[in-house]
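Engineer: My file is run_33.pdb. It has PDB, C-alpha atoms:
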MODEL        1
ATOM      1  CA  MET A   1     -38.391 -33.020  15.875
ATOM      2  CA  ALA A   2     -37.870 -30.041  18.216
ATOM      3  CA  SER A   3     -35.289 -32.032  20.156
ATOM      4  CA  LEU A   4     -33.409 -32.821  16.937
ATOM      5  CA  CYS A   5     -33.452 -29.148  15.942
ATOM      6  CA  ASN A   6     -32.152 -28.129  19.368
ATOM      7  CA  LYS A   7     -29.333 -30.677  19.164
ATOM      8  CA  THR A   8     -28.465 -29.435  15.686
ATOM      9  CA  MET A   9     -28.373 -25.834  16.891
ATOM     10  CA  VAL A  10     -26.139 -26.763  19.835
ATOM     11  CA  LEU A  11     -23.816 -28.678  17.515
ATOM     12  CA  CYS A  12     -23.627 -25.727  15.120
ATOM     13  CA  LEU A  13     -22.906 -23.353  17.996
ATOM     14  CA  TRP A  14     -20.157 -25.618  19.330
ATOM     15  CA  LEU A  15     -18.582 -25.919  15.891
ATOM     16  CA  THR A  16     -18.716 -22.141  15.457
ATOM     17  CA  ILE A  17     -17.060 -21.478  18.817
ATOM     18  CA  ASN A  18     -14.449 -24.144  18.182
ATOM     19  CA  PHE A  19     -13.749 -22.713  14.725
ATOM     20  CA  LEU A  20     -13.364 -19.195  16.075
ATOM     21  CA  SER A  21     -11.080 -20.276  18.894
ATOM     22  CA  THR A  22      -8.754 -22.088  16.501
ATOM     23  CA  THR A  23      -8.778 -19.653  13.557
ATOM     24  CA  ILE A  24      -9.069 -16.201  15.100
ATOM     25  CA  SER A  25      -6.173 -16.641  17.483
ATOM     26  CA  SER A  26      -4.092 -19.113  19.360
ATOM     27  CA  GLU A  27      -1.329 -18.642  21.905
ATOM     28  CA  LEU A  28       0.846 -15.729  20.836
ATOM     29  CA  GLN A  29       3.670 -16.878  18.594
ATOM     30  CA  ARG A  30       7.122 -16.397  20.083
ATOM     31  CA  PHE A  31      10.388 -15.441  18.446
ATOM     32  CA  GLU A  32      13.847 -15.511  19.991
ATOM     33  CA  HIS A  33      16.444 -12.808  19.438
ATOM     34  CA  PRO A  34      19.763 -13.688  21.088
ATOM     35  CA  ILE A  35      21.367 -10.995  23.197
ATOM     36  CA  ARG A  36      24.931  -9.861  22.548
ATOM     37  CA  GLY A  37      27.820 -10.840  24.782
ATOM     38  CA  ASP A  38      27.894  -7.551  26.674
ATOM     39  CA  GLN A  39      24.287  -8.148  27.797
ATOM     40  CA  THR A  40      22.912  -5.064  26.026
ATOM     41  CA  LEU A  41      20.011  -4.658  23.628
ATOM     42  CA  LYS A  42      19.702  -1.803  21.140
ATOM     43  CA  PHE A  43      17.025  -1.102  18.566
ATOM     44  CA  LEU A  44      15.350   1.659  16.576
ATOM     45  CA  VAL A  45      11.626   2.396  16.428
ATOM     46  CA  ILE A  46       9.925   3.914  13.376
ATOM     47  CA  GLY A  47       6.272   4.267  12.479
ATOM     48  CA  ASP A  48       3.916   5.619   9.827
ATOM     49  CA  TRP A  49       6.483   5.603   7.049
ATOM     50  CA  GLY A  50       5.618   3.901   3.734
ATOM     51  CA  ARG A  51       5.391   6.666   1.109
ATOM     52  CA  ASN A  52       7.835   5.561  -1.600
ATOM     53  CA  GLY A  53      10.527   7.695   0.024
ATOM     54  CA  ALA A  54       8.461  10.908  -0.103
ATOM     55  CA  PHE A  55       7.641  13.342   2.721
ATOM     56  CA  ASN A  56      11.209  12.975   4.033
ATOM     57  CA  GLN A  57      10.906   9.210   4.431
ATOM     58  CA  SER A  58      14.238   8.731   2.660
ATOM     59  CA  GLU A  59      15.881  11.430   4.770
ATOM     60  CA  VAL A  60      14.667   9.797   7.983
ATOM     61  CA  ALA A  61      15.871   6.429   6.691
ATOM     62  CA  PHE A  62      19.328   7.870   6.023
ATOM     63  CA  GLN A  63      19.625   9.127   9.595
ATOM     64  CA  MET A  64      18.324   5.828  10.926
ATOM     65  CA  GLY A  65      21.147   4.140   9.061
ATOM     66  CA  ARG A  66      23.710   6.507  10.561
ATOM     67  CA  ILE A  67      22.421   6.165  14.141
ATOM     68  CA  GLY A  68      21.938   2.441  13.661
ATOM     69  CA  GLU A  69      25.604   2.077  12.756
ATOM     70  CA  GLU A  70      26.706   4.303  15.629
ATOM     71  CA  LEU A  71      24.729   2.247  18.154
ATOM     72  CA  ASP A  72      25.292  -1.103  16.429
ATOM     73  CA  ILE A  73      21.597  -1.939  16.719
ATOM     74  CA  ASP A  74      20.182  -5.440  17.025
ATOM     75  CA  PHE A  75      16.923  -4.903  15.136
ATOM     76  CA  VAL A  76      14.252  -2.395  14.079
ATOM     77  CA  VAL A  77      10.655  -2.118  15.325
ATOM     78  CA  SER A  78       7.886  -0.716  13.122
ATOM     79  CA  THR A  79       4.760   0.567  14.881
ATOM     80  CA  GLY A  80       2.545   0.199  11.803
ATOM     81  CA  ASP A  81       1.009   2.149   8.936
ATOM     82  CA  ASN A  82       3.709   0.579   6.848
ATOM     83  CA  PHE A  83       2.220   1.492   3.447
ATOM     84  CA  TYR A  84       0.169   4.575   2.585
ATOM     85  CA  ASP A  85      -2.504   5.389   1.877
ATOM     86  CA  ASN A  86      -4.247   2.042   1.632
ATOM     87  CA  GLY A  87      -1.783  -0.694   2.540
ATOM     88  CA  LEU A  88      -0.591  -3.192  -0.036
ATOM     89  CA  LYS A  89      -2.686  -4.405  -2.963
ATOM     90  CA  GLY A  90      -1.223  -7.884  -2.644
ATOM     91  CA  GLU A  91       1.962  -9.867  -2.122
ATOM     92  CA  HIS A  92       3.441  -8.568  -5.385
ATOM     93  CA  ASP A  93       2.578  -4.902  -4.924
ATOM     94  CA  PRO A  94       5.677  -2.912  -6.007
ATOM     95  CA  ALA A  95       5.057  -0.585  -3.039
ATOM     96  CA  PHE A  96       6.755  -3.183  -0.841
ATOM     97  CA  ILE A  97      10.032  -2.731  -2.708
ATOM     98  CA  ASP A  98       9.579   0.992  -3.327
ATOM     99  CA  SER A  99       8.633   1.930   0.241
ATOM    100  CA  PHE A 100      10.671  -0.599   2.219
ATOM    101  CA  THR A 101      13.500  -2.434   0.479
ATOM    102  CA  ASN A 102      14.675   0.501  -1.654
ATOM    103  CA  VAL A 103      14.394   3.062   1.159
ATOM    104  CA  TYR A 104      16.000   1.394   4.192
ATOM    105  CA  THR A 105      19.198   0.473   2.393
ATOM    106  CA  ALA A 106      21.829   1.320   5.031
ATOM    107  CA  LYS A 107      24.028  -1.554   6.151
ATOM    108  CA  SER A 108      23.008  -1.070   9.795
ATOM    109  CA  LEU A 109      19.320  -1.502   8.865
ATOM    110  CA  GLN A 110      19.882  -4.913   7.259
ATOM    111  CA  LYS A 111      18.748  -6.472  10.509
ATOM    112  CA  GLN A 112      15.457  -8.132  11.391
ATOM    113  CA  TRP A 113      12.441  -5.806  11.349
ATOM    114  CA  TYR A 114       9.611  -6.684  13.764
ATOM    115  CA  ILE A 115       6.380  -5.147  12.520
ATOM    116  CA  VAL A 116       2.735  -4.641  13.455
ATOM    117  CA  LEU A 117      -0.157  -3.531  11.264
ATOM    118  CA  GLY A 118      -1.668  -0.055  11.399
ATOM    119  CA  ASN A 119      -5.131   1.086  10.392
ATOM    120  CA  HIS A 120      -3.904   2.174   6.931
ATOM    121  CA  ASP A 121      -2.477  -1.322   6.416
ATOM    122  CA  TYR A 122      -5.935  -2.756   7.080
ATOM    123  CA  ARG A 123      -7.340  -0.594   4.276
ATOM    124  CA  GLY A 124      -5.464  -2.739   1.789
ATOM    125  CA  ASP A 125      -4.660  -6.441   1.667
ATOM    126  CA  ALA A 126      -3.679  -6.837   5.314
ATOM    127  CA  VAL A 127      -3.168 -10.574   4.912
ATOM    128  CA  ALA A 128      -0.515  -9.893   2.266
ATOM    129  CA  GLN A 129       1.671  -8.111   4.821
ATOM    130  CA  LEU A 130       1.527 -11.215   7.004
ATOM    131  CA  SER A 131       2.508 -13.520   4.151
ATOM    132  CA  PRO A 132       5.805 -15.457   4.213
ATOM    133  CA  ALA A 133       6.052 -14.528   0.520
ATOM    134  CA  LEU A 134       7.230 -11.056   1.540
ATOM    135  CA  ARG A 135      10.021 -12.564   3.613
ATOM    136  CA  LYS A 136      11.264 -14.287   0.469
ATOM    137  CA  ILE A 137      11.424 -10.892  -1.231
ATOM    138  CA  ASP A 138      13.124  -9.232   1.750
ATOM    139  CA  SER A 139      14.191 -11.472   4.630
ATOM    140  CA  ARG A 140      14.164  -8.571   7.105
ATOM    141  CA  TRP A 141      10.366  -8.437   7.033
ATOM    142  CA  LEU A 142       8.571 -10.119   9.946
ATOM    143  CA  CYS A 143       4.999  -8.908  10.354
ATOM    144  CA  LEU A 144       2.290 -10.639  12.366
ATOM    145  CA  ARG A 145      -0.882  -9.441  14.034
ATOM    146  CA  SER A 146       0.228 -10.087  17.634
ATOM    147  CA  PHE A 147       3.338 -11.901  18.796
ATOM    148  CA  ILE A 148       6.148 -11.966  21.372
ATOM    149  CA  LEU A 149       9.833 -11.284  20.888
ATOM    150  CA  ASN A 150      12.072 -12.696  23.602
ATOM    151  CA  ALA A 151      15.421 -10.913  23.733
ATOM    152  CA  GLU A 152      16.507 -12.361  27.100
ATOM    153  CA  ILE A 153      16.745  -9.179  29.200
ATOM    154  CA  ALA A 154      13.601  -7.833  27.556
ATOM    155  CA  GLU A 155      10.402  -9.203  26.122
ATOM    156  CA  LEU A 156       8.520  -7.222  23.508
ATOM    157  CA  PHE A 157       4.805  -7.925  23.192
ATOM    158  CA  PHE A 158       3.392  -6.819  19.840
ATOM    159  CA  VAL A 159      -0.366  -6.144  19.847
ATOM    160  CA  ASP A 160      -2.719  -5.726  16.906
ATOM    161  CA  THR A 161      -4.627  -2.613  18.006
ATOM    162  CA  SER A 162      -6.719  -1.641  14.946
ATOM    163  CA  PRO A 163      -9.530  -4.141  15.643
ATOM    164  CA  PHE A 164     -10.038  -2.512  19.055
ATOM    165  CA  VAL A 165     -11.127   0.812  17.512
ATOM    166  CA  LYS A 166     -14.908   0.804  17.131
ATOM    167  CA  ASP A 167     -15.070   3.684  14.640
ATOM    168  CA  TYR A 168     -13.366   1.591  11.973
ATOM    169  CA  PHE A 169     -16.384  -0.695  12.057
ATOM    170  CA  THR A 170     -19.182   1.809  12.714
ATOM    171  CA  ILE A 171     -17.889   4.951  10.938
ATOM    172  CA  PRO A 172     -15.489   3.735   8.236
ATOM    173  CA  ASN A 173     -15.649   7.109   6.382
ATOM    174  CA  GLU A 174     -15.867   5.463   2.967
ATOM    175  CA  HIS A 175     -12.806   3.334   3.670
ATOM    176  CA  THR A 176     -12.897  -0.428   3.363
ATOM    177  CA  TYR A 177     -10.970  -2.602   5.791
ATOM    178  CA  ASP A 178      -9.615  -6.104   5.394
ATOM    179  CA  TRP A 179     -10.989  -7.747   8.504
ATOM    180  CA  ARG A 180     -10.273 -11.306   7.372
ATOM    181  CA  GLY A 181      -9.089 -13.289  10.370
ATOM    182  CA  VAL A 182     -10.254 -10.776  12.980
ATOM    183  CA  SER A 183     -14.049 -10.977  12.834
ATOM    184  CA  PRO A 184     -16.026 -10.831  15.006
ATOM    185  CA  ALA A 185     -13.893  -8.091  16.533
ATOM    186  CA  ASN A 186     -15.094  -8.533  20.129
ATOM    187  CA  THR A 187     -14.152 -12.198  20.098
ATOM    188  CA  TYR A 188     -10.814 -11.514  18.442
ATOM    189  CA  THR A 189      -9.765  -8.683  20.751
ATOM    190  CA  GLY A 190     -10.913 -10.622  23.799
ATOM    191  CA  ILE A 191      -8.630 -13.505  22.881
ATOM    192  CA  VAL A 192      -5.728 -11.153  22.162
ATOM    193  CA  LEU A 193      -6.065  -9.544  25.584
ATOM    194  CA  LYS A 194      -6.367 -12.918  27.320
ATOM    195  CA  GLU A 195      -3.219 -14.243  25.642
ATOM    196  CA  LEU A 196      -1.332 -10.999  26.285
ATOM    197  CA  GLU A 197      -2.289 -10.945  29.946
ATOM    198  CA  SER A 198      -1.187 -14.536  30.383
ATOM    199  CA  ALA A 199       2.133 -13.918  28.637
ATOM    200  CA  LEU A 200       2.849 -10.765  30.642
ATOM    201  CA  ARG A 201       1.987 -12.507  33.891
ATOM    202  CA  ASP A 202       4.352 -15.385  33.112
ATOM    203  CA  SER A 203       7.191 -13.202  31.865
ATOM    204  CA  THR A 204      10.365 -13.067  33.945
ATOM    205  CA  ALA A 205      12.127 -10.541  31.694
ATOM    206  CA  LYS A 206      13.847  -7.564  33.310
ATOM    207  CA  TRP A 207      12.012  -5.254  30.920
ATOM    208  CA  LYS A 208       8.501  -5.622  29.555
ATOM    209  CA  ILE A 209       7.750  -3.573  26.454
ATOM    210  CA  VAL A 210       4.394  -3.562  24.660
ATOM    211  CA  VAL A 211       4.205  -2.358  21.055
ATOM    212  CA  GLY A 212       1.018  -1.359  19.244
ATOM    213  CA  HIS A 213       0.016   1.002  16.471
ATOM    214  CA  HIS A 214      -2.488   3.160  18.344
ATOM    215  CA  ALA A 215      -1.544   5.419  21.236
ATOM    216  CA  ILE A 216      -2.895   4.867  24.706
ATOM    217  CA  ARG A 217      -1.875   8.405  25.651
ATOM    218  CA  SER A 218      -1.113  11.135  23.130
ATOM    219  CA  VAL A 219      -1.378  14.897  22.691
ATOM    220  CA  GLY A 220      -1.152  14.513  18.918
ATOM    221  CA  HIS A 221      -3.866  14.565  16.261
ATOM    222  CA  HIS A 222      -5.741  11.439  17.387
ATOM    223  CA  GLY A 223      -5.255  11.842  21.118
ATOM    224  CA  ASP A 224      -5.887   8.983  23.549
ATOM    225  CA  THR A 225      -7.394   5.782  22.161
ATOM    226  CA  GLU A 226     -10.235   5.263  24.594
ATOM    227  CA  GLU A 227     -10.751   1.588  23.763
ATOM    228  CA  LEU A 228      -7.130   0.918  24.746
ATOM    229  CA  VAL A 229      -7.399   3.088  27.855
ATOM    230  CA  GLN A 230     -10.356   1.000  28.975
ATOM    231  CA  ARG A 231      -9.251  -2.474  27.917
ATOM    232  CA  LEU A 232      -5.470  -2.608  27.495
ATOM    233  CA  LEU A 233      -4.065  -0.117  29.998
ATOM    234  CA  PRO A 234      -5.334  -1.957  33.128
ATOM    235  CA  ILE A 235      -3.519  -5.095  31.958
ATOM    236  CA  LEU A 236      -0.278  -3.184  31.421
ATOM    237  CA  ARG A 237      -0.500  -1.579  34.865
ATOM    238  CA  ALA A 238      -1.269  -4.866  36.591
ATOM    239  CA  ASN A 239       1.678  -6.648  34.995
ATOM    240  CA  ASN A 240       4.482  -4.151  35.542
ATOM    241  CA  VAL A 241       4.960  -3.108  31.922
ATOM    242  CA  ASP A 242       7.755  -0.567  31.549
ATOM    243  CA  LEU A 243       7.148   0.943  28.108
ATOM    244  CA  TYR A 244       4.218   1.170  25.725
ATOM    245  CA  VAL A 245       5.477   2.065  22.238
ATOM    246  CA  ASN A 246       3.178   3.165  19.396
ATOM    247  CA  GLY A 247       2.793   5.152  16.199
ATOM    248  CA  HIS A 248      -0.476   6.434  14.651
ATOM    249  CA  ASP A 249       0.054  10.073  15.574
ATOM    250  CA  HIS A 250       2.653  11.493  13.210
ATOM    251  CA  CYS A 251       4.913  12.887  15.890
ATOM    252  CA  LEU A 252       7.419  11.981  18.586
ATOM    253  CA  GLU A 253       6.371  12.104  22.208
ATOM    254  CA  GLN A 254       6.803  10.769  25.723
ATOM    255  CA  ILE A 255       4.047  10.791  28.322
ATOM    256  CA  GLY A 256       4.151   9.350  31.822
ATOM    257  CA  ASP A 257       1.404   7.476  33.632
ATOM    258  CA  ASN A 258      -0.143   8.907  36.797
ATOM    259  CA  GLU A 259      -0.809   5.460  38.285
ATOM    260  CA  SER A 260       2.264   3.429  37.348
ATOM    261  CA  PRO A 261       5.861   3.709  36.070
ATOM    262  CA  ILE A 262       4.739   3.072  32.461
ATOM    263  CA  GLN A 263       6.099   5.456  29.844
ATOM    264  CA  PHE A 264       4.007   6.006  26.697
ATOM    265  CA  LEU A 265       6.321   6.558  23.732
ATOM    266  CA  THR A 266       5.091   7.623  20.297
ATOM    267  CA  SER A 267       7.311   7.123  17.257
ATOM    268  CA  GLY A 268       5.023   7.755  14.304
ATOM    269  CA  ALA A 269       7.063  10.327  12.408
ATOM    270  CA  GLY A 270       8.650   8.175   9.715
ATOM    271  CA  SER A 271       7.453  10.328   6.823
ATOM    272  CA  LYS A 272       4.568  12.794   6.674
ATOM    273  CA  ALA A 273       4.205  14.817   9.883
ATOM    274  CA  TRP A 274       1.327  16.971  11.098
ATOM    275  CA  ARG A 275       2.843  20.310  12.025
ATOM    276  CA  GLY A 276       0.886  22.131  14.719
ATOM    277  CA  ASP A 277      -1.812  19.464  14.964
ATOM    278  CA  LEU A 278      -1.922  18.755  18.674
ATOM    279  CA  LYS A 279      -4.105  18.858  21.751
ATOM    280  CA  GLY A 280      -3.792  18.775  25.528
ATOM    281  CA  MET A 281      -0.279  20.202  25.723
ATOM    282  CA  ASN A 282      -0.978  21.284  29.286
ATOM    283  CA  ARG A 283      -1.205  17.738  30.640
ATOM    284  CA  LYS A 284       1.213  17.473  33.545
ATOM    285  CA  ASP A 285       2.504  14.014  32.589
ATOM    286  CA  LEU A 286       3.808  15.178  29.187
ATOM    287  CA  GLU A 287       7.598  14.777  29.097
ATOM    288  CA  PHE A 288       8.284  15.579  25.431
ATOM    289  CA  PHE A 289       6.493  16.376  22.169
ATOM    290  CA  TYR A 290       7.794  17.108  18.668
ATOM    291  CA  ASP A 291       5.557  17.559  15.630
ATOM    292  CA  GLY A 292       8.123  16.841  12.906
ATOM    293  CA  GLN A 293       9.674  13.788  11.282
ATOM    294  CA  GLY A 294      12.066  11.508  13.107
ATOM    295  CA  PHE A 295      12.519   8.234  14.967
ATOM    296  CA  MET A 296      13.505   6.762  18.314
ATOM    297  CA  SER A 297      16.203   4.507  19.752
ATOM    298  CA  VAL A 298      16.017   2.194  22.766
ATOM    299  CA  GLN A 299      19.099   0.968  24.617
ATOM    300  CA  LEU A 300      18.761  -1.579  27.407
ATOM    301  CA  THR A 301      20.938  -3.296  29.969
ATOM    302  CA  ARG A 302      19.660  -5.457  32.800
ATOM    303  CA  SER A 303      19.329  -2.413  35.037
ATOM    304  CA  ASP A 304      19.048   0.615  32.752
ATOM    305  CA  VAL A 305      17.091   1.922  29.795
ATOM    306  CA  GLU A 306      17.810   4.982  27.658
ATOM    307  CA  ILE A 307      15.353   6.429  25.149
ATOM    308  CA  VAL A 308      16.532   8.943  22.539
ATOM    309  CA  PHE A 309      14.393  10.817  20.008
ATOM    310  CA  TYR A 310      15.980  12.112  16.781
ATOM    311  CA  ASP A 311      14.718  14.498  14.121
ATOM    312  CA  VAL A 312      14.998  14.217  10.324
ATOM    313  CA  PHE A 313      18.566  15.546  10.476
ATOM    314  CA  GLY A 314      19.632  13.039  13.110
ATOM    315  CA  LYS A 315      19.749  15.709  15.806
ATOM    316  CA  VAL A 316      19.011  14.504  19.330
ATOM    317  CA  LEU A 317      15.758  16.127  20.456
ATOM    318  CA  HIS A 318      15.206  14.441  23.798
ATOM    319  CA  LYS A 319      16.761  11.812  26.061
ATOM    320  CA  TRP A 320      15.211   9.935  28.933
ATOM    321  CA  ALA A 321      16.786   7.280  31.137
ATOM    322  CA  MET A 322      15.727   5.072  34.009
ATOM    323  CA  SER A 323      17.629   2.782  36.330
ATOM    324  CA  LYS A 324      15.699   0.007  38.007
ATOM    325  CA  GLN A 325      18.636  -0.911  40.160
ATOM    326  CA  LEU A 326      18.836   2.546  41.710
ATOM    327  CA  ASN A 327      15.109   3.120  41.444
ATOM    328  CA  THR A 328      15.760   6.505  39.871
ATOM    329  CA  LEU A 329      14.748   8.107  36.629
ATOM    330  CA  HIS A 330      15.752  11.285  34.915
ATOM    331  CA  SER A 331      15.068  13.211  31.734
ATOM    332  CA  VAL A 332      17.761  14.971  29.755
ATOM    333  CA  MET A 333      17.262  17.414  26.896
TER     334      MET A 333
ENDMDL
END
Could you write out this structure as structure tokens?
Structural biologist:
Amino acid sequence: MASLCNKTMVLCLWLTINFLSTTISSELQRFEHPIRGDQTLKFLVIGDWGRNGAFNQSEVAFQMGRIGEELDIDFVVSTGDNFYDNGLKGEHDPAFIDSFTNVYTAKSLQKQWYIVLGNHDYRGDAVAQLSPALRKIDSRWLCLRSFILNAEIAELFFVDTSPFVKDYFTIPNEHTYDWRGVSPANTYTGIVLKELESALRDSTAKWKIVVGHHAIRSVGHHGDTEELVQRLLPILRANNVDLYVNGHDHCLEQIGDNESPIQFLTSGAGSKAWRGDLKGMNRKDLEFFYDGQGFMSVQLTRSDVEIVFYDVFGKVLHKWAMSKQLNTLHSVM
């Protein structure tokens, strides 16, 4: 009888592990974005935006449209917190139209949007944002938890960072989170990191860019995300990642890394900003910080990258460029 019970327990454990390995995550899904004939890649980055056009969201969107046309961008990246305050209520929530389709109306923004979830998105129906039903409403929308975008000279690795943050599970502060598909969190995040590390190691792209919602390094309201410093940053350093791009803090910023060439870039100023809410401004690796609304552009060739930050009026706040070919980098205000 004991032997039968033990065999049953082993079978149940095996089924559980097998179920988790096949439902929580599989190899990161890949998407292809063809590069233009001149071998350049251009895109905008916006985060923390979905407020039905309020808090200057519409004004930022207008300037994105203008800069997007000027640069002739290939696509747009969203760093999460796509709908405030508590994500979407479902696939047919009018907030999707009111905060996305009816706000980003410029011709230049009618390109593919590649999107990750933020912590506010998890406070609603997170699964709804992943649903193909939204793509039928607006074909620009492509949101997954973690995935890879191959754009030939660059690969962008999108990472679902909210499940890494322990406080969302232990100190939810009266918020409820939609953790369907990511529980147990330790198992889920472990698989995400394993798949990311493998994909980064195998990548032959000239530029490796990782996108997540939460900052690894920030002098804004939330500061560094310690779970990512401990678990994600070593993988980025070991695999020659060039840029880590995030939102979460409602600001624009650039911070260097004291142990690698990685640049930490925050673009989380798509609507409501936190004026004067900052910390650690004396850190020596801080290249740029702005506590107002705005967005960021990225321009890439095989040898060069240029990052530009813009404010709500479309004014250039900060430029930074690096050439791998010449092994030089410079910052221009």
Engineer: Which residues are close to A:Asp121, i.e. within 12 Å by only C-alpha atoms, leaving aside same-chain residues fewer than 2 positions away? Reply as an MDAnalysis selection string.
Structural biologist: chainID A and resid 48:50 79:90 96 115:119 123:130 143 145 160:163 175:179 213 248
Engineer: Apply the PyMOL selection byres ((chain A and resi 218) around 9) to the file shown and report the selected residues as a ChimeraX atom specification.
Structural biologist: /A:215-217,219-225,249,253-255,264-266,278-280,286
Engineer: Keeping only C-alpha atoms, write those residues as a PDB file, in the frame of the given file.
Structural biologist:
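The resulting file, out15.pdb, is reproduced below:
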ATOM      1  CA  ALA A 215      -1.544   5.419  21.236  1.00  0.00           C
ATOM      2  CA  ILE A 216      -2.895   4.867  24.706  1.00  0.00           C
ATOM      3  CA  ARG A 217      -1.875   8.405  25.651  1.00  0.00           C
ATOM      4  CA  VAL A 219      -1.378  14.897  22.691  1.00  0.00           C
ATOM      5  CA  GLY A 220      -1.152  14.513  18.918  1.00  0.00           C
ATOM      6  CA  HIS A 221      -3.866  14.565  16.261  1.00  0.00           C
ATOM      7  CA  HIS A 222      -5.741  11.439  17.387  1.00  0.00           C
ATOM      8  CA  GLY A 223      -5.255  11.842  21.118  1.00  0.00           C
ATOM      9  CA  ASP A 224      -5.887   8.983  23.549  1.00  0.00           C
ATOM     10  CA  THR A 225      -7.394   5.782  22.161  1.00  0.00           C
ATOM     11  CA  ASP A 249       0.054  10.073  15.574  1.00  0.00           C
ATOM     12  CA  GLU A 253       6.371  12.104  22.208  1.00  0.00           C
ATOM     13  CA  GLN A 254       6.803  10.769  25.723  1.00  0.00           C
ATOM     14  CA  ILE A 255       4.047  10.791  28.322  1.00  0.00           C
ATOM     15  CA  PHE A 264       4.007   6.006  26.697  1.00  0.00           C
ATOM     16  CA  LEU A 265       6.321   6.558  23.732  1.00  0.00           C
ATOM     17  CA  THR A 266       5.091   7.623  20.297  1.00  0.00           C
ATOM     18  CA  LEU A 278      -1.922  18.755  18.674  1.00  0.00           C
ATOM     19  CA  LYS A 279      -4.105  18.858  21.751  1.00  0.00           C
ATOM     20  CA  GLY A 280      -3.792  18.775  25.528  1.00  0.00           C
ATOM     21  CA  LEU A 286       3.808  15.178  29.187  1.00  0.00           C
TER      22      LEU A 286
END
Engineer: Counting all atoms listed in the file, which of A:Ile67, A:Val241, A:Trp141, A:Ala133 gets nearest to A:Lys107?
Structural biologist: A:Ile67
Engineer: Which residues, named as in the file, does the PyMOL selection byres ((chain A and resi 292-300) around 8) pick out? Answer as a PDB file with C-alpha atoms, in the frame of the given file.
Structural biologist:
ATOM      1  CA  THR A  40      22.912  -5.064  26.026  1.00  0.00           C
ATOM      2  CA  LEU A  41      20.011  -4.658  23.628  1.00  0.00           C
ATOM      3  CA  LYS A  42      19.702  -1.803  21.140  1.00  0.00           C
ATOM      4  CA  PHE A  43      17.025  -1.102  18.566  1.00  0.00           C
ATOM      5  CA  LEU A  44      15.350   1.659  16.576  1.00  0.00           C
ATOM      6  CA  VAL A  45      11.626   2.396  16.428  1.00  0.00           C
ATOM      7  CA  ILE A  46       9.925   3.914  13.376  1.00  0.00           C
ATOM      8  CA  GLY A  47       6.272   4.267  12.479  1.00  0.00           C
ATOM      9  CA  ASN A  56      11.209  12.975   4.033  1.00  0.00           C
ATOM     10  CA  VAL A  60      14.667   9.797   7.983  1.00  0.00           C
ATOM     11  CA  MET A  64      18.324   5.828  10.926  1.00  0.00           C
ATOM     12  CA  HIS A 250       2.653  11.493  13.210  1.00  0.00           C
ATOM     13  CA  CYS A 251       4.913  12.887  15.890  1.00  0.00           C
ATOM     14  CA  LEU A 252       7.419  11.981  18.586  1.00  0.00           C
ATOM     15  CA  SER A 267       7.311   7.123  17.257  1.00  0.00           C
ATOM     16  CA  GLY A 268       5.023   7.755  14.304  1.00  0.00           C
ATOM     17  CA  ALA A 269       7.063  10.327  12.408  1.00  0.00           C
ATOM     18  CA  GLY A 270       8.650   8.175   9.715  1.00  0.00           C
ATOM     19  CA  SER A 271       7.453  10.328   6.823  1.00  0.00           C
ATOM     20  CA  LYS A 272       4.568  12.794   6.674  1.00  0.00           C
ATOM     21  CA  ALA A 273       4.205  14.817   9.883  1.00  0.00           C
ATOM     22  CA  TRP A 274       1.327  16.971  11.098  1.00  0.00           C
ATOM     23  CA  ARG A 275       2.843  20.310  12.025  1.00  0.00           C
ATOM     24  CA  TYR A 290       7.794  17.108  18.668  1.00  0.00           C
ATOM     25  CA  ASP A 291       5.557  17.559  15.630  1.00  0.00           C
ATOM     26  CA  THR A 301      20.938  -3.296  29.969  1.00  0.00           C
ATOM     27  CA  ARG A 302      19.660  -5.457  32.800  1.00  0.00           C
ATOM     28  CA  SER A 303      19.329  -2.413  35.037  1.00  0.00           C
ATOM     29  CA  ASP A 304      19.048   0.615  32.752  1.00  0.00           C
ATOM     30  CA  VAL A 305      17.091   1.922  29.795  1.00  0.00           C
ATOM     31  CA  GLU A 306      17.810   4.982  27.658  1.00  0.00           C
ATOM     32  CA  ILE A 307      15.353   6.429  25.149  1.00  0.00           C
ATOM     33  CA  VAL A 308      16.532   8.943  22.539  1.00  0.00           C
ATOM     34  CA  PHE A 309      14.393  10.817  20.008  1.00  0.00           C
ATOM     35  CA  TYR A 310      15.980  12.112  16.781  1.00  0.00           C
ATOM     36  CA  ASP A 311      14.718  14.498  14.121  1.00  0.00           C
ATOM     37  CA  VAL A 312      14.998  14.217  10.324  1.00  0.00           C
ATOM     38  CA  GLY A 314      19.632  13.039  13.110  1.00  0.00           C
TER      39      GLY A 314
END
Engineer: Kindly give the distance, in Å, that separates atom CA of A:Trp207 and atom CA of A:Ser78, rounded to a single decimal.
Structural biologist: 18.8 Å
